[in-house]
Structure formats: structure tokens, C-alpha cells
$ cat target.cif   # mmCIF, C-alpha atoms
data_protein
loop_
_atom_site.label_atom_id
_atom_site.label_comp_id
_atom_site.auth_asym_id
_atom_site.auth_seq_id
_atom_site.Cartn_x
_atom_site.Cartn_y
_atom_site.Cartn_z
CA MET E 868 32.06 31.87 -16.07
CA ALA E 869 31.33 33.53 -12.74
CA GLU E 870 31.36 31.51 -9.53
CA PRO E 871 27.81 30.10 -9.18
CA LYS E 872 25.79 31.64 -6.36
CA ILE E 873 24.46 28.23 -5.38
CA ASP E 874 25.77 24.68 -5.13
CA LEU E 875 24.68 23.10 -8.42
CA LYS E 876 25.08 19.58 -7.01
CA ASN E 877 21.86 20.16 -5.09
CA LEU E 878 19.97 20.43 -8.38
CA LYS E 879 21.14 17.13 -9.78
CA ALA E 880 18.23 14.92 -8.68
CA GLY E 881 15.75 17.48 -9.85
CA GLY E 882 13.61 18.15 -6.78
CA PHE E 883 13.70 21.90 -7.44
CA ILE E 884 10.83 22.71 -9.77
CA LYS E 885 10.44 26.04 -11.55
CA GLU E 886 7.38 28.06 -10.61
CA ARG E 887 5.56 30.78 -12.55
CA GLY E 888 7.15 33.69 -10.67
CA LYS E 889 10.64 35.06 -11.32
CA ASP E 890 13.37 33.31 -9.26
CA LEU E 891 10.80 31.11 -7.51
CA PHE E 892 10.90 27.35 -7.18
CA THR E 893 8.95 24.55 -5.52
CA VAL E 894 11.16 22.30 -3.43
CA ARG E 895 9.80 18.74 -3.40
CA LEU E 896 10.86 16.79 -0.32
CA ARG E 897 11.77 13.14 -0.17
CA VAL E 898 9.18 11.40 2.00
CA PRO E 899 9.16 7.67 1.21
CA GLY E 900 5.87 6.05 2.16
CA GLY E 901 4.54 9.38 3.46
CA ARG E 902 5.86 8.81 6.99
CA MET E 903 8.09 11.17 8.94
CA SER E 904 8.95 11.89 12.52
CA VAL E 905 7.25 14.81 14.21
CA ASP E 906 10.69 16.38 14.74
CA ARG E 907 11.27 16.33 11.01
CA LEU E 908 7.82 17.76 10.38
CA SER E 909 8.62 20.60 12.78
CA LYS E 910 11.87 21.31 10.96
CA ILE E 911 10.10 21.39 7.61
CA ALA E 912 7.54 23.78 9.07
CA ALA E 913 10.31 26.05 10.35
CA VAL E 914 12.10 26.07 6.98
CA ALA E 915 8.83 26.73 5.13
CA GLN E 916 8.07 29.58 7.50
CA LYS E 917 11.50 31.12 7.05
CA TYR E 918 11.94 30.79 3.28
CA GLY E 919 8.43 30.26 1.87
CA LYS E 920 5.27 32.32 1.72
CA GLY E 921 3.30 30.77 4.54
CA TYR E 922 2.02 27.50 3.12
CA VAL E 923 3.17 24.14 1.81
CA HIS E 924 1.55 21.68 -0.60
CA LEU E 925 0.93 18.00 0.18
CA SER E 926 1.62 16.33 -3.16
CA VAL E 927 -0.49 13.44 -4.44
CA ARG E 928 2.49 11.12 -3.98
CA GLN E 929 2.89 11.79 -0.27
CA SER E 930 5.53 14.49 -0.49
CA ILE E 931 5.56 17.86 1.19
CA GLU E 932 6.40 20.60 -1.29
CA LEU E 933 7.83 23.92 -0.13
CA ILE E 934 6.31 26.67 -2.25
CA ASN E 935 7.73 30.02 -3.40
CA ILE E 936 11.35 29.31 -2.51
CA ASN E 937 13.82 31.80 -3.99
CA PHE E 938 16.62 30.00 -5.83
CA ALA E 939 19.20 32.07 -3.97
CA ASP E 940 18.10 30.28 -0.77
CA PHE E 941 18.60 26.72 -2.10
CA ASP E 942 21.81 26.05 -0.17
CA ALA E 943 20.38 27.36 3.09
CA VAL E 944 17.14 25.35 2.62
CA VAL E 945 19.10 22.16 1.94
CA ALA E 946 21.41 22.77 4.91
CA GLU E 947 18.60 23.51 7.38
CA LEU E 948 16.47 20.55 6.24
CA GLY E 949 19.61 18.44 6.63
CA GLU E 950 19.63 19.16 10.36
CA GLU E 951 16.74 16.67 10.56
CA GLN E 952 18.08 14.44 7.75
CA GLN E 953 15.35 15.70 5.42
CA LYS E 954 16.38 15.36 1.78
CA VAL E 955 15.03 16.79 -1.47
CA ALA E 956 13.17 14.49 -3.88
CA SER E 957 13.37 14.19 -7.66
CA CYS E 958 11.51 14.83 -10.86
CA GLY E 959 12.24 13.88 -14.46
CA ALA E 960 13.23 10.52 -15.95
CA ARG E 961 14.25 8.84 -12.71
CA VAL E 962 13.06 6.33 -10.15
CA ARG E 963 10.78 8.40 -7.95
CA VAL E 964 10.20 8.27 -4.22
CA PRO E 965 8.05 5.20 -3.52
CA THR E 966 4.59 5.61 -2.01
CA ALA E 967 3.08 3.30 0.59
CA CYS E 968 0.08 2.91 2.85
CA GLY E 969 0.53 2.91 6.62
CA GLY E 970 1.56 -0.74 6.50
CA CYS E 971 0.93 -3.38 9.11
CA GLU E 972 2.42 -2.09 12.37
CA TYR E 973 -0.68 -0.24 13.55
CA ASN E 974 -3.21 -0.73 10.74
CA PRO E 975 -5.20 -3.93 11.36
CA ASN E 976 -5.79 -4.46 7.62
CA GLY E 977 -2.13 -4.36 6.56
CA LEU E 978 -0.64 -7.75 5.67
CA VAL E 979 2.91 -6.68 4.78
CA ASP E 980 5.32 -4.04 6.11
CA THR E 981 4.96 -1.58 3.23
CA GLN E 982 6.75 1.17 5.12
CA LYS E 983 9.87 -0.96 5.37
CA SER E 984 9.69 -1.81 1.65
CA ALA E 985 9.27 1.85 0.69
CA LEU E 986 12.29 2.85 2.77
CA GLU E 987 14.43 0.11 1.28
CA VAL E 988 13.51 0.98 -2.31
CA ASP E 989 14.08 4.65 -1.56
CA GLN E 990 17.54 3.94 -0.16
CA LYS E 991 18.65 1.63 -2.96
CA LEU E 992 16.90 2.84 -6.13
CA PHE E 993 15.76 6.43 -5.64
CA GLY E 994 17.00 8.78 -8.35
CA THR E 995 18.25 6.04 -10.70
CA ALA E 996 18.13 7.51 -14.21
CA THR E 997 15.90 5.44 -16.50
CA GLY E 998 17.08 7.12 -19.70
CA HIS E 999 13.48 7.38 -20.88
CA HIS E 1000 10.76 8.57 -18.54
CA LYS E 1001 9.72 8.63 -14.90
CA PHE E 1002 9.47 5.35 -13.00
CA LYS E 1003 7.05 5.03 -10.09
CA VAL E 1004 6.80 2.35 -7.44
CA GLY E 1005 4.01 1.99 -4.89
CA PHE E 1006 3.22 -0.37 -2.03
CA ALA E 1007 -0.24 -1.38 -0.81
CA GLY E 1008 -0.41 -3.51 2.32
CA CYS E 1009 -3.47 -5.52 1.28
CA PRO E 1010 -5.91 -5.95 -1.63
CA PHE E 1011 -8.01 -3.00 -0.42
CA ASP E 1012 -5.16 -1.25 -2.23
CA CYS E 1013 -5.58 2.32 -0.98
CA PRO E 1014 -2.32 3.35 -2.80
CA LYS E 1015 -3.76 2.14 -6.17
CA SER E 1016 -0.74 -0.06 -6.83
CA ALA E 1017 -1.69 -0.92 -10.43
CA THR E 1018 -1.31 2.75 -11.48
CA ASN E 1019 2.44 2.55 -10.80
CA ASP E 1020 5.14 1.36 -13.20
CA VAL E 1021 5.72 -1.40 -10.65
CA GLY E 1022 2.97 -1.77 -8.05
CA PHE E 1023 3.09 -4.07 -5.04
CA GLN E 1024 0.07 -5.35 -3.13
CA GLY E 1025 0.37 -7.26 0.15
CA ALA E 1026 -0.94 -10.84 0.00
CA VAL E 1027 -1.36 -13.91 2.18
CA TRP E 1028 -2.23 -17.48 1.31
CA PRO E 1029 -4.53 -18.91 3.99
CA LYS E 1030 -4.40 -22.34 5.61
CA LEU E 1031 -6.91 -23.89 7.98
CA ASP E 1032 -6.30 -25.77 11.20
CA ALA E 1033 -9.62 -27.68 11.23
CA ASP E 1034 -9.21 -28.68 14.91
CA GLY E 1035 -9.09 -25.03 15.95
CA CYS E 1036 -12.25 -24.19 13.96
CA ILE E 1037 -15.43 -23.63 15.99
CA SER E 1038 -17.68 -23.74 12.87
CA CYS E 1039 -18.94 -20.19 13.34
CA GLY E 1040 -19.07 -19.59 9.58
CA LEU E 1041 -17.66 -16.05 9.81
CA CYS E 1042 -14.89 -16.74 7.28
CA ALA E 1043 -17.35 -17.96 4.66
CA LYS E 1044 -19.60 -14.97 5.34
CA SER E 1045 -16.65 -12.52 5.15
CA CYS E 1046 -15.13 -13.88 1.95
CA THR E 1047 -16.30 -11.37 -0.65
CA GLU E 1048 -14.78 -13.43 -3.46
CA GLY E 1049 -16.83 -16.57 -2.77
CA ALA E 1050 -13.68 -18.63 -2.18
CA LEU E 1051 -15.05 -20.03 1.10
CA SER E 1052 -18.28 -21.87 1.86
CA MET E 1053 -19.34 -24.06 4.77
CA GLY E 1054 -19.18 -27.80 4.00
CA ALA E 1055 -21.40 -30.67 5.12
CA ASP E 1056 -19.14 -31.21 8.16
CA ASN E 1057 -19.71 -27.54 9.14
CA LYS E 1058 -16.08 -26.67 8.39
CA PRO E 1059 -15.05 -24.17 5.69
CA VAL E 1060 -14.30 -25.42 2.17
CA PHE E 1061 -11.66 -23.42 0.27
CA ASP E 1062 -11.92 -22.79 -3.49
CA ALA E 1063 -8.34 -21.68 -4.22
CA ALA E 1064 -9.16 -20.48 -7.74
CA LYS E 1065 -11.31 -17.65 -6.35
CA CYS E 1066 -8.93 -16.43 -3.63
CA ILE E 1067 -7.39 -12.95 -4.09
CA TYR E 1068 -5.06 -13.35 -1.05
CA CYS E 1069 -6.77 -10.65 1.01
CA GLY E 1070 -6.58 -12.58 4.28
CA ASP E 1071 -10.07 -11.53 5.42
CA CYS E 1072 -10.63 -15.13 6.59
CA ILE E 1073 -7.51 -14.95 8.77
CA LYS E 1074 -8.44 -11.54 10.15
CA VAL E 1075 -12.02 -12.45 11.00
CA CYS E 1076 -11.39 -15.93 12.44
CA PRO E 1077 -12.21 -15.73 16.17
CA THR E 1078 -9.92 -18.63 17.11
CA SER E 1079 -6.96 -18.15 14.73
CA ALA E 1080 -7.81 -21.47 13.03
CA TRP E 1081 -6.99 -19.68 9.76
CA SER E 1082 -3.37 -18.51 9.48
CA ALA E 1083 -0.98 -17.36 6.76
CA GLU E 1084 0.86 -20.17 5.01
CA LYS E 1085 2.84 -17.71 2.89
CA LYS E 1086 3.06 -13.96 2.62
CA GLY E 1087 4.47 -11.52 0.10
CA TYR E 1088 3.51 -9.14 -2.68
CA THR E 1089 1.28 -9.47 -5.72
CA VAL E 1090 3.08 -7.45 -8.41
CA ARG E 1091 1.41 -5.54 -11.24
CA ILE E 1092 3.53 -3.83 -13.87
CA GLY E 1093 3.06 -1.17 -16.52
CA GLY E 1094 0.57 1.18 -14.88
CA LYS E 1095 0.53 4.96 -15.14
CA TRP E 1096 -1.93 7.83 -15.01
CA GLY E 1097 -1.81 11.10 -16.91
CA ARG E 1098 -2.99 11.77 -20.44
CA ARG E 1099 -3.23 8.15 -21.50
CA PRO E 1100 -3.79 6.00 -18.43
CA LEU E 1101 -2.81 2.34 -18.27
CA ILE E 1102 -3.62 -0.20 -15.59
CA GLY E 1103 -0.69 -2.43 -14.73
CA THR E 1104 -1.22 -6.18 -15.07
CA LEU E 1105 -0.22 -9.21 -13.03
CA PHE E 1106 3.35 -10.48 -13.40
CA ALA E 1107 4.16 -12.17 -10.09
CA THR E 1108 2.63 -13.41 -6.84
CA PHE E 1109 4.01 -13.80 -3.31
CA VAL E 1110 7.26 -12.01 -4.06
CA PRO E 1111 9.00 -11.98 -0.66
CA GLU E 1112 9.70 -8.60 0.91
CA GLU E 1113 13.47 -9.21 0.77
CA ARG E 1114 13.36 -9.70 -3.03
CA VAL E 1115 11.51 -6.45 -3.81
CA VAL E 1116 14.55 -4.33 -4.68
CA ASP E 1117 16.02 -7.03 -6.97
CA PHE E 1118 12.65 -7.46 -8.65
CA ILE E 1119 12.31 -3.75 -9.43
CA ALA E 1120 15.95 -3.62 -10.60
CA CYS E 1121 15.23 -6.45 -13.06
CA VAL E 1122 12.20 -4.59 -14.50
CA LEU E 1123 14.24 -1.40 -14.66
CA THR E 1124 17.06 -3.06 -16.62
CA TRP E 1125 14.58 -4.49 -19.12
CA TYR E 1126 12.98 -1.04 -19.52
CA GLN E 1127 16.34 0.67 -19.98
CA GLU E 1128 17.25 -1.82 -22.73
CA LYS E 1129 13.94 -2.10 -24.57
CA ALA E 1130 13.12 1.59 -24.57
CA GLU E 1131 16.45 2.45 -26.16
CA GLY E 1132 15.81 5.11 -28.79
CA ALA E 1133 12.08 5.33 -27.98
CA GLY E 1134 12.38 8.72 -26.27
CA ARG E 1135 10.11 9.76 -23.45
CA VAL E 1136 7.95 6.64 -23.18
CA ARG E 1137 6.69 4.96 -19.99
CA LEU E 1138 7.25 1.31 -19.16
CA GLY E 1139 3.64 0.27 -19.86
CA ASP E 1140 3.77 1.50 -23.44
CA ILE E 1141 7.07 -0.32 -23.98
CA ILE E 1142 5.45 -3.54 -22.69
CA ILE E 1143 2.60 -3.05 -25.18
CA ARG E 1144 5.13 -2.49 -27.98
CA GLU E 1145 7.50 -5.34 -27.09
CA GLY E 1146 4.86 -7.81 -25.90
CA TRP E 1147 4.39 -8.87 -22.28
CA GLN E 1148 6.13 -12.19 -22.98
CA SER E 1149 9.50 -10.47 -23.24
CA LEU E 1150 9.34 -8.93 -19.76
CA LEU E 1151 7.74 -12.03 -18.25
CA GLU E 1152 10.54 -14.24 -19.61
CA ARG E 1153 13.19 -11.86 -18.27
CA LEU E 1154 11.60 -11.91 -14.82
CA ARG E 1155 11.14 -15.70 -14.95
CA SER E 1156 14.87 -16.17 -15.41
CA GLU E 1157 15.52 -14.47 -12.07
CA PHE E 1158 12.33 -15.16 -10.13
CA PRO E 1159 10.99 -18.49 -11.46
CA GLN E 1160 9.00 -19.39 -8.36
CA TYR E 1161 7.02 -16.13 -8.28
CA VAL E 1162 6.35 -15.20 -11.92
CA VAL E 1163 2.91 -16.11 -13.30
CA GLN E 1164 2.47 -18.46 -16.29
CA GLU E 1165 1.04 -15.74 -18.49
CA THR E 1166 -0.39 -12.26 -18.26
CA ILE E 1167 -1.98 -9.61 -20.47
CA ALA E 1168 -0.66 -6.27 -21.72
CA PRO E 1169 -1.18 -3.18 -19.53
CA HIS E 1170 -4.81 -2.28 -19.88
CA VAL E 1171 -5.86 0.76 -21.89
CA ILE E 1172 -8.90 2.47 -20.37
CA GLN E 1173 -11.05 2.80 -23.46
CA ASN E 1174 -13.71 5.06 -21.95
CA GLN E 1175 -11.20 7.90 -21.55
CA VAL E 1176 -11.34 8.60 -25.30
CA PRO E 1177 -12.58 9.96 -27.60
CA LEU E 1178 -13.39 13.31 -26.01
CA PRO E 1179 -16.13 15.34 -27.72
CA GLY E 1180 -13.78 17.69 -29.57
CA GLN E 1181 -12.07 14.73 -31.26
CA GLN E 1182 -15.36 13.59 -32.81
CA ALA E 1183 -15.89 16.89 -34.62
CA MET W 163 -23.85 -15.26 32.61
CA GLN W 164 -24.16 -11.60 31.67
CA THR W 165 -25.54 -10.83 28.19
CA ILE W 166 -24.91 -7.46 26.59
CA ASP W 167 -27.13 -6.56 23.66
CA LEU W 168 -25.16 -4.56 21.10
CA ARG W 169 -27.70 -4.97 18.31
CA GLY W 170 -28.54 -1.71 16.57
CA VAL W 171 -25.21 -0.19 17.66
CA THR W 172 -22.80 0.62 14.83
CA CYS W 173 -19.00 0.30 14.62
CA PRO W 174 -16.93 1.39 16.43
CA THR W 175 -19.40 2.33 19.19
CA ASN W 176 -20.33 -1.35 19.71
CA PHE W 177 -16.68 -2.29 20.27
CA VAL W 178 -16.07 0.59 22.69
CA MET W 179 -19.26 -0.35 24.63
CA ALA W 180 -18.03 -3.97 24.81
CA LYS W 181 -14.69 -2.73 26.15
CA LEU W 182 -16.42 -0.65 28.82
CA GLU W 183 -18.51 -3.66 29.92
CA LEU W 184 -15.38 -5.80 30.11
CA GLU W 185 -13.69 -3.26 32.39
CA ASP W 186 -16.30 -3.96 35.05
CA ILE W 187 -15.81 -7.74 35.27
CA GLU W 188 -13.06 -10.01 36.58
CA ALA W 189 -10.53 -11.72 34.31
CA GLY W 190 -11.64 -15.28 33.58
CA THR W 191 -15.34 -14.38 33.65
CA THR W 192 -17.48 -15.43 30.69
CA ILE W 193 -19.78 -12.90 29.01
CA GLU W 194 -22.07 -12.86 25.97
CA PHE W 195 -22.50 -10.11 23.39
CA LEU W 196 -25.31 -9.93 20.85
CA LEU W 197 -24.02 -8.54 17.55
CA ASP W 198 -25.74 -7.59 14.31
CA ASP W 199 -24.89 -9.44 11.11
CA GLY W 200 -22.58 -7.61 8.68
CA GLU W 201 -19.81 -5.27 9.81
CA PRO W 202 -20.42 -5.66 13.58
CA VAL W 203 -19.94 -9.45 13.56
CA LYS W 204 -16.92 -9.16 11.25
CA ASN W 205 -15.17 -6.46 13.28
CA VAL W 206 -16.07 -6.75 16.96
CA PRO W 207 -14.92 -10.37 17.63
CA ARG W 208 -11.60 -9.71 15.86
CA SER W 209 -11.00 -6.48 17.78
CA LEU W 210 -11.80 -8.12 21.13
CA LYS W 211 -9.44 -10.99 20.27
CA ASP W 212 -6.70 -8.41 19.53
CA GLU W 213 -7.25 -6.97 23.01
CA GLY W 214 -6.39 -10.27 24.61
CA HIS W 215 -9.79 -11.82 25.33
CA LYS W 216 -10.53 -15.46 24.59
CA LEU W 217 -13.32 -16.10 22.11
CA LEU W 218 -15.20 -19.24 23.10
CA ALA W 219 -18.05 -19.43 20.59
CA LEU W 220 -19.91 -17.52 17.93
CA GLN W 221 -23.40 -18.73 17.13
CA GLU W 222 -25.66 -17.50 14.36
CA LYS W 223 -29.27 -16.70 15.33
CA ASP W 224 -31.99 -15.01 13.25
CA GLU W 225 -30.27 -11.90 11.83
CA TYR W 226 -27.76 -11.67 14.67
CA TYR W 227 -24.90 -13.48 16.40
CA VAL W 228 -24.13 -14.46 19.97
CA LEU W 229 -20.46 -14.05 20.83
CA THR W 230 -19.30 -15.82 23.98
CA LEU W 231 -15.94 -14.77 25.37
CA GLU W 232 -13.80 -15.05 28.46
CA LYS W 233 -12.21 -11.89 29.73
CA GLY W 234 -8.42 -11.96 29.41
CA GLU W 235 -5.84 -10.65 31.87
CA ASP W 236 -5.28 -6.88 31.78
#
$ encode --input "target.cif" --output "C-alpha cells"
Amino acid sequence: MAEPKIDLKNLKAGGFIKERGKDLFTVRLRVPGGRMSVDRLSKIAAVAQKYGKGYVHLSVRQSIELININFADFDAVVAELGEEQQKVASCGARVRVPTACGGCEYNPNGLVDTQKSALEVDQKLFGTATGHHKFKVGFAGCPFDCPKSATNDVGFQGAVWPKLDADGCISCGLCAKSCTEGALSMGADNKPVFDAAKCIYCGDCIKVCPTSAWSAEKKGYTVRIGGKWGRRPLIGTLFATFVPEERVVDFIACVLTWYQEKAEGAGRVRLGDIIIREGWQSLLERLRSEFPQYVVQETIAPHVIQNQVPLPGQQA
Amino acid sequence: MQTIDLRGVTCPTNFVMAKLELEDIEAGTTIEFLLDDGEPVKNVPRSLKDEGHKLLALQEKDEYYVLTLEKGED
């Protein structure tokens, strides 16, 4: 066989995606959490200008994709992107680049540092072969959930559990007014009364409190598992609460191991469908053995969105 | 005490107007802002607290709130 014109190692993770035209590929870049330095952005622009056809595509999972790249230029593209430590992403049956919202450093709504989590997962789990199908992870900093965490195989949503310092409370009633879930009301003593069963851990009470009488007693991620979009969407369901940021990678690794085992022989099937087939109890028990203090008592199977089907043609 | 009426002013204009008023007074001075119910009263006190001012009281009136605060150090 002739000496290959390009370094085939670059193709291993699969971020080079065949286009319609002869010799042309899309190069999907690895941008965990959608954040990059302006220097890196400038480098990407320069590479796109030099090797592409004058435009890039911002993917729905926060990547920049270089369009119309000739496969003969792969090595040069990789080398020049490498000058700003920009790497190529993946496709196929692997752990994908995690998505994340802006996080909590500058966004006043963010409860958890989602950017840090996305970087850590990217460093430790990116590209891991699942053996079955793609595996997506996403991080939302709060229950507003801009990243739609429950549509990921494993979706994380920032959460806080509030506690009140009654002496610091000035009885303004803003927390009760702001609580969209009805978990707070003003009591006879003109101090807030907390109904824990209704709380979704959004922290609006903490954010709105003018005197910081409300504060976070604990903080972490609400975890929903088994979501996906595509032809047959599933909404991931609740498996754990207040998973600490430093346990995120281990938690995902545990889910991944279960998926790799249980999907054996199933072919190209996503995690959510395996949970439906195996029963949620199996995954919940596995997670409970490693994360007993965070796993919920029980859950439900990933949720099929019934109103997506049947389409008119199927009724004929 | 100075009272600034921010009723009828939407976010974030109300917050920026409050900031501009606060630029003209000395640290330690107390000032009142009148804020509409809804988004203004949820957002403006929190944003002013983030900027280092001390919130002293928030009283509900008919359809609006009176926020009393002490200007913080720059």
C-alpha cells in the first residue's frame, strides 16, 4: 500500500465528517462548554480563511465547524489549529464534547460552575468509545436549564438547597412572591415558611433576598439520565440530586460502564432505550452502590413524547 | 431623604437609572426607590446589592414597593 498522504491518526476520533462534494470534509472543532479565548477564535478564523470557502458553521452543540476542507489539507489544518491548542472533536459512538451554559462566574442566574465541569468531563471522558451509540453530556447552571439538560444521555442541572437565617430576615416577602413553585409563603410571624416538597432547588429565594437571610445549605447537580433527541425523542428522568461537582466524572463513568455492559449485542441503541429495555431499577441500583447519598429512591423510565407520532402518512 | 420614582420604568433601564442617581450622592447616604411589582422588584434590589449597596428595607405598598438603601463605598 502506498504511503498515505495524510496522518491517519488525526481521523481516529472522527471529527472529520464527509461532505457532499468530492474530497471535501467538515472539520468539527472541540469546544467544551462553548467557551474559547479570543486568540483561539482568531486562529480558527485564520485557518477557516486559508483552507475553507469563506464561512464556518456554529453547530447546535456549541462547536465551530470548518466547512469545505479538502482532505489533503487535514495535517496542515490540525497543525495550525494546534498553535492555539485547538483540537478536533468527534462523531460516532463515543462520548461527545460536553455542552454547558455560561456558568456562574458572570451570569447572575448560574448556581454551579458548569464551565469547569464541562472542561473536566472533556479532559477525562471525551472520545471514550461506548461500543453502541453516541453519548452526550450537558450542564445547565440552574433550573432555567437553557442547555436542555434532560435531552442528554446524562444531563446535569445546577441546584441549591436554601436555608433561612430568620434574624437576618426583614419580612419583605420578596422570596415568597418570587417562588414560582409555591414552596414559600409568609407565615403568621411575617417570616417565610418553607414547603420542602415543592422546592425545585432553583435558588430564586436566595438570589432575590435583599439581606442574604436566605443562603445555600448545599449545592450540586440534579441529574437526569436517558434523554436524546432525533427521530424518537426521549426526555431523561431523575436519578440523583445534589451530586457534588467533584463527583461528576465518576458519576458519568458509572453510567457509561452500565451502558457498555447492558447494551452488549444491542447494536446502535442509545442509553435511554436501554434503560427502557432493562428497567430503570437496574441503573438506579448500580448508581446507588457508588453514590448512595445522592441517588433518588425511585424514578421512572425515560419519557417517550407521545405527540411526536403517528405522523399523517403512518395513518394511511 | 431623597425618593426616586422608578415606577413605569422597565428592566434594565430602572436599574441603570438607580445607578446614575447613586453616583450623585455620598457613600453612607440613605435613599428610597419606588419600584413596580413583578420583575422590577425582583431584579433591582438584588442588582443593587451586588453592586455593594446596603439594603435597609423593602416595603410593599399598593401595587408597588419602596426600597430603602444606604449607598456603599465605591
$ closest_residue --input "target.cif" --among "W:Gly190, W:Arg169, W:Leu218, W:Lys204" --to "Thr230 (chain W)" --atoms "all atoms listed in the file"
W:Leu218
$ residues_around --input "target.cif" --residues "region 1132-1142 of chain E" --least-positions-apart "6" --cutoff "10 Å" --atoms "only C-alpha atoms" --output "PyMOL selection string"
chain E and resi 960+997-1003+1019-1021+1092-1095+1099-1104+1122-1123+1125-1126+1148-1151+1167-1171
$ interface_residues --input "target.cif" --of "chain E" --to "chain W" --cutoff "8 Å" --atoms "all atoms listed in the file" --output "MDAnalysis selection string"
chainID E and resid 1037 1039 1041 1045 1074:1078
$ write_last_selection --input "target.cif" --atoms "C-alpha atoms" --output "PDB file, in the frame of the given file"
ATOM      1  CA  ILE E1037     -15.430 -23.630  15.990  1.00  0.00           C
ATOM      2  CA  CYS E1039     -18.940 -20.190  13.340  1.00  0.00           C
ATOM      3  CA  LEU E1041     -17.660 -16.050   9.810  1.00  0.00           C
ATOM      4  CA  SER E1045     -16.650 -12.520   5.150  1.00  0.00           C
ATOM      5  CA  LYS E1074      -8.440 -11.540  10.150  1.00  0.00           C
ATOM      6  CA  VAL E1075     -12.020 -12.450  11.000  1.00  0.00           C
ATOM      7  CA  CYS E1076     -11.390 -15.930  12.440  1.00  0.00           C
ATOM      8  CA  PRO E1077     -12.210 -15.730  16.170  1.00  0.00           C
ATOM      9  CA  THR E1078      -9.920 -18.630  17.110  1.00  0.00           C
TER      10      THR E1078
END
$ resolve_selection --input "target.cif" --expression "the PyMOL selection byres ((chain E and resi 1116) around 8)" --output "list in words"
Glu987, Val988, Lys991, Leu992, Glu1113, Arg1114, Val1115, Asp1117, Phe1118, Ile1119 and Ala1120 of chain E
$ closest_atom_pairs --input "target.cif" --of "region 989-1033 of chain E" --to "region 1059-1070 of chain E" --cutoff "8 Å" --atoms "all atoms listed in the file" --output "CSV"
residue,atom,partner,partner_atom,distance
E:Cys1009,CA,E:Cys1069,CA,6.1
E:Pro1010,CA,E:Cys1069,CA,5.5
E:Phe1011,CA,E:Cys1069,CA,7.9
E:Gly1025,CA,E:Cys1069,CA,8.0
E:Ala1026,CA,E:Tyr1068,CA,4.9
E:Val1027,CA,E:Tyr1068,CA,4.9
E:Trp1028,CA,E:Tyr1068,CA,5.5
E:Pro1029,CA,E:Gly1070,CA,6.7
$ axis_aligned_box --input "target.cif" --around "region 196-209 of chain W" --padding-each-side "5 Å" --output "AutoDock Vina command-line options"
--center_x -18.4 --center_y -7.8 --center_z 14.8 --size_x 24.7 --size_y 15.1 --size_z 22.2
$ closest_residue --input "target.cif" --among "E:Gly994, E:Pro899, E:Gly969, E:Pro1159" --to "Gln929 (chain E)" --atoms "only C-alpha atoms"
E:Pro899
$ closest_residue --input "target.cif" --among "W:Lys181, W:Pro202, W:Ala189, W:Leu197" --to "Glu232 (chain W)" --atoms "all atoms listed in the file"
W:Ala189
$ resolve_selection --input "target.cif" --expression "the PyMOL selection byres ((chain W and resi 187) around 12)" --output "list in words"
Met163, Gln164, Ala180, Lys181, Leu182, Glu183, Leu184, Glu185, Asp186, Glu188, Ala189, Gly190, Thr191, Thr192, Ile193, Glu232, Lys233, Gly234, Glu235 and Asp236 of chain W
$ closest_residue --input "target.cif" --among "W:Gly214, W:Val228, W:Phe177, W:Asp198" --to "Thr165 (chain W)" --atoms "all atoms listed in the file"
W:Val228
$ atom_distance --input "target.cif" --atom1 "CA of Ser1079 (chain E)" --atom2 "CA of Ala1107 (chain E)"
27.8 Å
$ closest_residue --input "target.cif" --among "E:Val894, E:Cys968, E:Leu1031, E:Leu948" --to "Ser926 (chain E)" --atoms "all atoms listed in the file"
E:Val894
$ atom_distance --input "target.cif" --atom1 "CA of Phe195 (chain W)" --atom2 "CA of Cys1036 (chain E)"
19.8 Å
$ resolve_selection --input "target.cif" --expression "the PyMOL selection byres ((chain E and resi 874) around 12)" --output "ChimeraX atom specification"
/E:870-873,875-879,938-946
$ atom_distance --input "target.cif" --atom1 "CA of Val962 (chain E)" --atom2 "CA of Gln990 (chain E)"
11.2 Å
$ residues_near_point --input "target.cif" --point "(4.7, 22.4, 9.7)" --cutoff "12 Å" --atoms "all atoms listed in the file" --output "number ranges by chain"
E: 903-917, 919, 921-925, 931-933
$ residues_near_point --input "target.cif" --point "(11.8, 30.9, -7.0)" --cutoff "10 Å" --atoms "only C-alpha atoms" --output "ChimeraX atom specification"
/E:883-894,919,934-941
